Structures are given as C-alpha cells and as structure tokens.
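Novice: Dropping in structure01.cif, with mmCIF, C-alpha atoms, pLDDT in the B column; chains and numbers go by the auth columns.
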data_model
#
loop_
_atom_site.group_PDB
_atom_site.id
_atom_site.type_symbol
_atom_site.label_atom_id
_atom_site.label_comp_id
_atom_site.label_asym_id
_atom_site.label_seq_id
_atom_site.Cartn_x
_atom_site.Cartn_y
_atom_site.Cartn_z
_atom_site.B_iso_or_equiv
_atom_site.auth_seq_id
_atom_site.auth_asym_id
ATOM 1 C CA MET A 1 19.022 14.798 16.226 41.00 1 A
ATOM 2 C CA PRO A 2 18.763 14.026 12.476 44.00 2 A
ATOM 3 C CA ASP A 3 18.574 16.951 10.075 44.00 3 A
ATOM 4 C CA PRO A 4 15.095 16.818 8.425 44.00 4 A
ATOM 5 C CA ALA A 5 16.283 18.980 5.540 47.00 5 A
ATOM 6 C CA ALA A 6 19.052 16.493 4.754 53.00 6 A
ATOM 7 C CA ALA A 7 16.572 13.609 4.805 51.00 7 A
ATOM 8 C CA LEU A 8 14.302 15.547 2.463 51.00 8 A
ATOM 9 C CA ARG A 9 17.145 16.285 0.058 53.00 9 A
ATOM 10 C CA SER A 10 18.185 12.622 -0.053 62.00 10 A
ATOM 11 C CA ALA A 11 14.672 11.107 -0.246 68.00 11 A
ATOM 12 C CA ARG A 12 13.656 9.840 -3.673 64.00 12 A
ATOM 13 C CA ASP A 13 10.573 8.301 -5.211 62.00 13 A
ATOM 14 C CA ALA A 14 10.505 4.800 -6.753 61.00 14 A
ATOM 15 C CA ARG A 15 11.833 6.172 -10.066 69.00 15 A
ATOM 16 C CA GLY A 16 14.795 7.841 -8.345 75.00 16 A
ATOM 17 C CA VAL A 17 13.402 11.380 -8.678 80.00 17 A
ATOM 18 C CA PRO A 18 14.363 13.519 -5.681 90.00 18 A
ATOM 19 C CA LEU A 19 11.349 13.998 -3.439 90.00 19 A
ATOM 20 C CA ALA A 20 11.764 17.788 -3.314 93.00 20 A
ATOM 21 C CA GLU A 21 11.756 17.958 -7.123 93.00 21 A
ATOM 22 C CA LEU A 22 8.695 15.725 -7.395 93.00 22 A
ATOM 23 C CA ILE A 23 6.758 17.756 -4.825 95.00 23 A
ATOM 24 C CA HIS A 24 7.636 21.032 -6.525 95.00 24 A
ATOM 25 C CA SER A 25 6.473 19.738 -9.920 95.00 25 A
ATOM 26 C CA VAL A 26 3.175 18.445 -8.495 96.00 26 A
ATOM 27 C CA VAL A 27 2.513 21.718 -6.659 96.00 27 A
ATOM 28 C CA CYS A 28 3.127 23.550 -9.949 96.00 28 A
ATOM 29 C CA GLU A 29 0.522 21.316 -11.669 96.00 29 A
ATOM 30 C CA TYR A 30 -2.114 22.694 -9.294 96.00 30 A
ATOM 31 C CA ALA A 31 -0.793 26.272 -9.010 91.00 31 A
ATOM 32 C CA GLY A 32 -3.983 27.809 -10.428 90.00 32 A
ATOM 33 C CA GLU A 33 -6.294 25.812 -8.202 94.00 33 A
ATOM 34 C CA ARG A 34 -7.812 27.404 -5.127 93.00 34 A
ATOM 35 C CA GLY A 35 -6.812 25.439 -2.009 94.00 35 A
ATOM 36 C CA PRO A 36 -4.816 22.777 -3.865 97.00 36 A
ATOM 37 C CA LEU A 37 -3.585 20.757 -0.876 97.00 37 A
ATOM 38 C CA LEU A 38 -5.947 17.805 -1.253 96.00 38 A
ATOM 39 C CA SER A 39 -5.380 17.597 -5.024 96.00 39 A
ATOM 40 C CA VAL A 40 -1.617 17.746 -4.518 97.00 40 A
ATOM 41 C CA LEU A 41 -1.734 15.027 -1.856 97.00 41 A
ATOM 42 C CA HIS A 42 -3.832 12.724 -4.042 94.00 42 A
ATOM 43 C CA ARG A 43 -1.460 13.236 -6.977 93.00 43 A
ATOM 44 C CA LEU A 44 1.617 12.544 -4.831 93.00 44 A
ATOM 45 C CA GLN A 45 0.020 9.399 -3.503 89.00 45 A
ATOM 46 C CA GLN A 46 -0.863 8.324 -7.039 85.00 46 A
ATOM 47 C CA LEU A 47 2.773 8.767 -8.052 87.00 47 A
ATOM 48 C CA MET A 48 4.437 7.324 -4.950 85.00 48 A
ATOM 49 C CA GLY A 49 1.825 5.042 -3.411 81.00 49 A
ATOM 50 C CA PHE A 50 1.811 7.048 -0.166 88.00 50 A
ATOM 51 C CA ILE A 51 2.658 10.491 1.215 93.00 51 A
ATOM 52 C CA HIS A 52 6.300 10.352 2.244 90.00 52 A
ATOM 53 C CA PRO A 53 6.654 11.681 5.820 91.00 53 A
ATOM 54 C CA ASP A 54 9.526 13.918 4.715 90.00 54 A
ATOM 55 C CA ALA A 55 7.159 15.634 2.276 94.00 55 A
ATOM 56 C CA ILE A 56 5.090 17.360 4.967 95.00 56 A
ATOM 57 C CA ALA A 57 7.504 20.238 5.630 95.00 57 A
ATOM 58 C CA LEU A 58 8.183 20.872 1.954 94.00 58 A
ATOM 59 C CA LEU A 59 4.489 20.822 1.071 96.00 59 A
ATOM 60 C CA ALA A 60 3.791 23.247 3.891 96.00 60 A
ATOM 61 C CA SER A 61 6.469 25.592 2.584 95.00 61 A
ATOM 62 C CA GLU A 62 5.397 25.289 -1.066 95.00 62 A
ATOM 63 C CA LEU A 63 1.723 25.915 -0.251 96.00 63 A
ATOM 64 C CA ASN A 64 2.269 28.506 2.504 96.00 64 A
ATOM 65 C CA LEU A 65 0.627 26.304 5.132 97.00 65 A
ATOM 66 C CA SER A 66 1.761 25.072 8.510 97.00 66 A
ATOM 67 C CA ARG A 67 3.191 21.575 8.839 97.00 67 A
ATOM 68 C CA ALA A 68 0.336 20.862 11.249 97.00 68 A
ATOM 69 C CA ASP A 69 -2.198 21.745 8.538 97.00 69 A
ATOM 70 C CA VAL A 70 -0.616 19.364 6.030 97.00 70 A
ATOM 71 C CA HIS A 71 -0.137 16.584 8.568 97.00 71 A
ATOM 72 C CA GLY A 72 -3.726 17.060 9.768 97.00 72 A
ATOM 73 C CA VAL A 73 -5.107 16.491 6.280 96.00 73 A
ATOM 74 C CA VAL A 74 -2.892 13.452 5.644 95.00 74 A
ATOM 75 C CA SER A 75 -3.856 11.864 8.955 94.00 75 A
ATOM 76 C CA PHE A 76 -7.573 12.749 8.699 94.00 76 A
ATOM 77 C CA TYR A 77 -8.416 11.241 5.322 90.00 77 A
ATOM 78 C CA ARG A 78 -8.454 7.460 5.363 79.00 78 A
ATOM 79 C CA ASP A 79 -7.527 7.228 1.676 82.00 79 A
ATOM 80 C CA LEU A 80 -4.271 9.119 2.255 89.00 80 A
ATOM 81 C CA ARG A 81 -1.457 6.992 3.606 85.00 81 A
ATOM 82 C CA ASP A 82 1.826 8.059 5.212 86.00 82 A
ATOM 83 C CA ARG A 83 3.576 4.740 4.601 83.00 83 A
ATOM 84 C CA ALA A 84 3.757 2.211 1.817 80.00 84 A
ATOM 85 C CA GLU A 85 0.949 -0.306 1.903 82.00 85 A
ATOM 86 C CA GLY A 86 -0.198 -3.029 -0.438 86.00 86 A
ATOM 87 C CA ARG A 87 -2.497 -2.789 -3.425 87.00 87 A
ATOM 88 C CA PRO A 88 -5.823 -1.369 -2.246 89.00 88 A
ATOM 89 C CA VAL A 89 -8.700 -3.870 -2.192 95.00 89 A
ATOM 90 C CA ARG A 90 -11.975 -2.364 -0.976 96.00 90 A
ATOM 91 C CA ILE A 91 -15.184 -4.310 -0.451 98.00 91 A
ATOM 92 C CA CYS A 92 -18.493 -2.463 -0.247 97.00 92 A
ATOM 93 C CA ARG A 93 -20.426 -3.188 2.943 97.00 93 A
ATOM 94 C CA ALA A 94 -23.463 -0.930 2.320 97.00 94 A
ATOM 95 C CA ASP A 95 -26.960 -2.418 2.585 97.00 95 A
ATOM 96 C CA ALA A 96 -27.416 -3.266 -1.102 97.00 96 A
ATOM 97 C CA CYS A 97 -24.095 -5.081 -1.286 97.00 97 A
ATOM 98 C CA GLN A 98 -24.678 -6.771 2.067 97.00 98 A
ATOM 99 C CA SER A 99 -27.953 -8.202 0.752 97.00 99 A
ATOM 100 C CA ALA A 100 -26.120 -9.449 -2.354 97.00 100 A
ATOM 101 C CA GLY A 101 -23.443 -11.363 -0.438 97.00 101 A
ATOM 102 C CA ALA A 102 -20.804 -8.856 0.690 97.00 102 A
ATOM 103 C CA GLU A 103 -20.392 -10.510 4.096 97.00 103 A
ATOM 104 C CA ALA A 104 -19.507 -13.864 2.512 97.00 104 A
ATOM 105 C CA LEU A 105 -17.179 -12.086 0.083 98.00 105 A
ATOM 106 C CA MET A 106 -15.445 -10.271 2.939 98.00 106 A
ATOM 107 C CA GLU A 107 -15.012 -13.567 4.779 98.00 107 A
ATOM 108 C CA HIS A 108 -13.510 -15.109 1.625 98.00 108 A
ATOM 109 C CA ALA A 109 -11.140 -12.142 1.292 98.00 109 A
ATOM 110 C CA ARG A 110 -10.070 -12.459 4.943 97.00 110 A
ATOM 111 C CA ASN A 111 -9.391 -16.168 4.465 97.00 111 A
ATOM 112 C CA ILE A 112 -7.325 -15.954 1.299 96.00 112 A
ATOM 113 C CA LEU A 113 -5.445 -12.784 2.208 96.00 113 A
ATOM 114 C CA GLY A 114 -4.942 -13.542 5.876 96.00 114 A
ATOM 115 C CA ALA A 115 -5.842 -9.945 6.733 95.00 115 A
ATOM 116 C CA GLY A 116 -8.944 -8.274 8.089 95.00 116 A
ATOM 117 C CA ALA A 117 -10.544 -4.963 7.211 94.00 117 A
ATOM 118 C CA GLY A 118 -8.064 -2.136 7.619 90.00 118 A
ATOM 119 C CA GLU A 119 -5.058 -4.455 7.523 91.00 119 A
ATOM 120 C CA THR A 120 -2.225 -5.077 5.102 90.00 120 A
ATOM 121 C CA THR A 121 -1.293 -8.658 4.252 93.00 121 A
ATOM 122 C CA ALA A 122 1.811 -10.122 5.894 92.00 122 A
ATOM 123 C CA ASP A 123 3.712 -9.970 2.596 91.00 123 A
ATOM 124 C CA GLY A 124 2.720 -6.313 2.102 88.00 124 A
ATOM 125 C CA ARG A 125 1.081 -6.984 -1.260 92.00 125 A
ATOM 126 C CA TYR A 126 -2.546 -6.056 -0.440 93.00 126 A
ATOM 127 C CA ARG A 127 -4.484 -3.808 1.913 91.00 127 A
ATOM 128 C CA LEU A 128 -8.048 -4.956 2.624 95.00 128 A
ATOM 129 C CA ASP A 129 -10.596 -2.272 3.462 94.00 129 A
ATOM 130 C CA GLN A 130 -14.326 -2.042 3.768 95.00 130 A
ATOM 131 C CA VAL A 131 -16.234 0.952 2.410 95.00 131 A
ATOM 132 C CA PHE A 132 -19.847 1.926 2.619 94.00 132 A
ATOM 133 C CA CYS A 133 -20.823 2.481 -1.008 95.00 133 A
ATOM 134 C CA LEU A 134 -18.893 2.292 -4.229 96.00 134 A
ATOM 135 C CA GLY A 135 -21.795 3.734 -6.220 95.00 135 A
ATOM 136 C CA ILE A 136 -22.953 0.678 -8.162 97.00 136 A
ATOM 137 C CA CYS A 137 -25.570 -0.629 -5.751 95.00 137 A
ATOM 138 C CA ILE A 138 -27.532 -2.542 -8.388 96.00 138 A
ATOM 139 C CA LEU A 139 -24.394 -4.570 -9.194 97.00 139 A
ATOM 140 C CA GLY A 140 -23.542 -5.728 -5.680 97.00 140 A
ATOM 141 C CA PRO A 141 -21.480 -7.003 -4.169 98.00 141 A
ATOM 142 C CA ALA A 142 -18.989 -4.414 -5.388 98.00 142 A
ATOM 143 C CA VAL A 143 -15.216 -4.468 -5.006 98.00 143 A
ATOM 144 C CA GLU A 144 -12.616 -1.862 -5.897 96.00 144 A
ATOM 145 C CA VAL A 145 -9.130 -3.091 -6.799 94.00 145 A
ATOM 146 C CA ASP A 146 -6.407 -0.580 -7.689 85.00 146 A
ATOM 147 C CA GLY A 147 -9.028 2.149 -8.121 86.00 147 A
ATOM 148 C CA THR A 148 -11.258 0.216 -10.542 94.00 148 A
ATOM 149 C CA VAL A 149 -14.740 -0.738 -9.332 97.00 149 A
ATOM 150 C CA HIS A 150 -16.143 -4.164 -10.222 98.00 150 A
ATOM 151 C CA GLY A 151 -19.707 -5.379 -9.728 98.00 151 A
ATOM 152 C CA ARG A 152 -21.343 -8.760 -9.071 98.00 152 A
ATOM 153 C CA VAL A 153 -18.116 -10.054 -7.594 98.00 153 A
ATOM 154 C CA THR A 154 -18.195 -13.687 -6.520 97.00 154 A
ATOM 155 C CA PRO A 155 -15.386 -15.298 -4.516 97.00 155 A
ATOM 156 C CA GLU A 156 -14.077 -16.796 -7.778 97.00 156 A
ATOM 157 C CA ARG A 157 -14.155 -13.414 -9.520 97.00 157 A
ATOM 158 C CA PHE A 158 -12.436 -11.852 -6.499 97.00 158 A
ATOM 159 C CA ASP A 159 -9.574 -14.334 -6.898 97.00 159 A
ATOM 160 C CA GLU A 160 -9.330 -13.470 -10.598 96.00 160 A
ATOM 161 C CA LEU A 161 -9.196 -9.736 -9.839 96.00 161 A
ATOM 162 C CA LEU A 162 -6.221 -10.230 -7.539 94.00 162 A
ATOM 163 C CA GLY A 163 -4.395 -12.390 -10.070 88.00 163 A
ATOM 164 C CA GLU A 164 -1.937 -15.208 -9.588 67.00 164 A
ATOM 165 C CA GLY A 165 -0.299 -15.973 -6.289 60.00 165 A
ATOM 166 C CA HIS A 166 -2.528 -13.853 -4.082 59.00 166 A
ATOM 167 C CA GLY A 167 -3.149 -16.326 -1.320 54.00 167 A
#
With the file now loaded, output its structure as structure tokens.
Specialist:
Amino acid sequence: MPDPAAALRSARDARGVPLAELIHSVVCEYAGERGPLLSVLHRLQQLMGFIHPDAIALLASELNLSRADVHGVVSFYRDLRDRAEGRPVRICRADACQSAGAEALMEHARNILGAGAGETTADGRYRLDQVFCLGICILGPAVEVDGTVHGRVTPERFDELLGEGHG
C-alpha cells in the first residue's frame, strides 16, 4: 500500500512548490477567518486549477477537521474540482438567456468543442458547463470564460472569447 504521507511530501504545484508548503501558506492567509475551509479551497483551486487529492489529509490536519469533512466539501460543490480540467466555459441557461438565444449558443459550443454540458474536451483544453444565472440577465445570452462574464454573446463572439485553435 502506498504511503500517503510520502505522496504528499513529493507532490508539487505547477510552479514546483511543494504541495504541503503551498497548503500551509494558503491556510495561513485565512487564519483569522471563521470557518475558512471554503475560502482555502477556492484559493488552492485558483492557484493550482483543482484541489489535489493528496491535499485532503493535510487540509484536514491544518484546519482541525476530519478528512471526510474536507472531502465532503470538495465533492459537494460543483465549482471545486479534484482533478485537472480544461479552461472553464459556462453558458447561462436561465429563462432570460434562453429567450435571448442560449440554446443555439449551447449547440454551437457543443459543435465546436465536441463536448456537452459537464464535459471536458478531448484535448483537455476546455470544460463546458451550463449554469442557471450569471447575474446579467438583461445582457443575455451570457457566458463566463475563465471567471469573466460576457453578455450578448453570439456564436461569433463565443469563438473570439475562446481564441485561436479552439475547435
């Protein structure tokens, strides 16, 4: 059976920073916050792109929680990921955006990306999701790419948002 502590010691983020060191520094950022788990998880995901599975035990220890508590939060929230996925592309499917053409935009996205809602493209570059309100209803259809929300998105504008070589 592999030693989880050894895996944790050897795991590193994309910049080569040891995972244990990164987690400790992020936990320290939120030390004064009451119930910081969700903030810590969001920050780790921002830095790494996902919550490394080896981080669960260390986070539990650092925050005085059980591993089940940490894993439960990571697996419950759809925006938290436990594996690397592509750039997030989210299309609003709420009523206002639907009436402004979100269904056609979603179909366009499926066609050019070759992935449906909740799926990552075959090349791993994008993850297509549907959401039910991005908060700019008057500017539908709305799309969020890499955390930035865009309104009045046409299929042509969608292609521009993804940049070159997306299809």
Novice: Which region 59-124 of chain A residues have any atom within 10 Å of an atom of region 140-146 of chain A, and for each, what is the nearest pair of atoms with distance in Å to one decimal, counting all atoms listed in the file, rows sorted by chain and number, as a Markdown table?
Specialist:
| residue | atom | partner | partner_atom | distance |
| --- | --- | --- | --- | --- |
| A:Gly86 | CA | A:Asp146 | CA | 9.9 |
| A:Arg87 | CA | A:Asp146 | CA | 6.2 |
| A:Pro88 | CA | A:Asp146 | CA | 5.5 |
| A:Val89 | CA | A:Val145 | CA | 4.7 |
| A:Arg90 | CA | A:Glu144 | CA | 5.0 |
| A:Ile91 | CA | A:Val143 | CA | 4.6 |
| A:Cys92 | CA | A:Ala142 | CA | 5.5 |
| A:Arg93 | CA | A:Pro141 | CA | 8.1 |
| A:Ala94 | CA | A:Pro141 | CA | 9.1 |
| A:Asp95 | CA | A:Gly140 | CA | 9.5 |
| A:Ala96 | CA | A:Gly140 | CA | 6.5 |
| A:Cys97 | CA | A:Pro141 | CA | 4.3 |
| A:Gln98 | CA | A:Pro141 | CA | 7.0 |
| A:Ser99 | CA | A:Gly140 | CA | 8.2 |
| A:Ala100 | CA | A:Pro141 | CA | 5.6 |
| A:Gly101 | CA | A:Pro141 | CA | 6.1 |
| A:Ala102 | CA | A:Pro141 | CA | 5.2 |
| A:Glu103 | CA | A:Pro141 | CA | 9.0 |
| A:Ala104 | CA | A:Pro141 | CA | 9.8 |
| A:Leu105 | CA | A:Pro141 | CA | 7.9 |
| A:Met106 | CA | A:Val143 | CA | 9.8 |
Novice: On this structure, which residues satisfy the PyMOL selection byres ((chain A and resi 47) around 12), written as an MDAnalysis selection string?
Specialist: chainID A and resid 12:15 17 19 22:23 25:26 40:46 48:52 84
Novice: Grab the CA of Asp82 (chain A) to CA of Pro53 (chain A) distance for me, in Å with one decimal place.
Specialist: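 Taking CA of Asp82 (chain A) as the start and CA of Pro53 (chain A) as the end point, the length is 6.1 Å.
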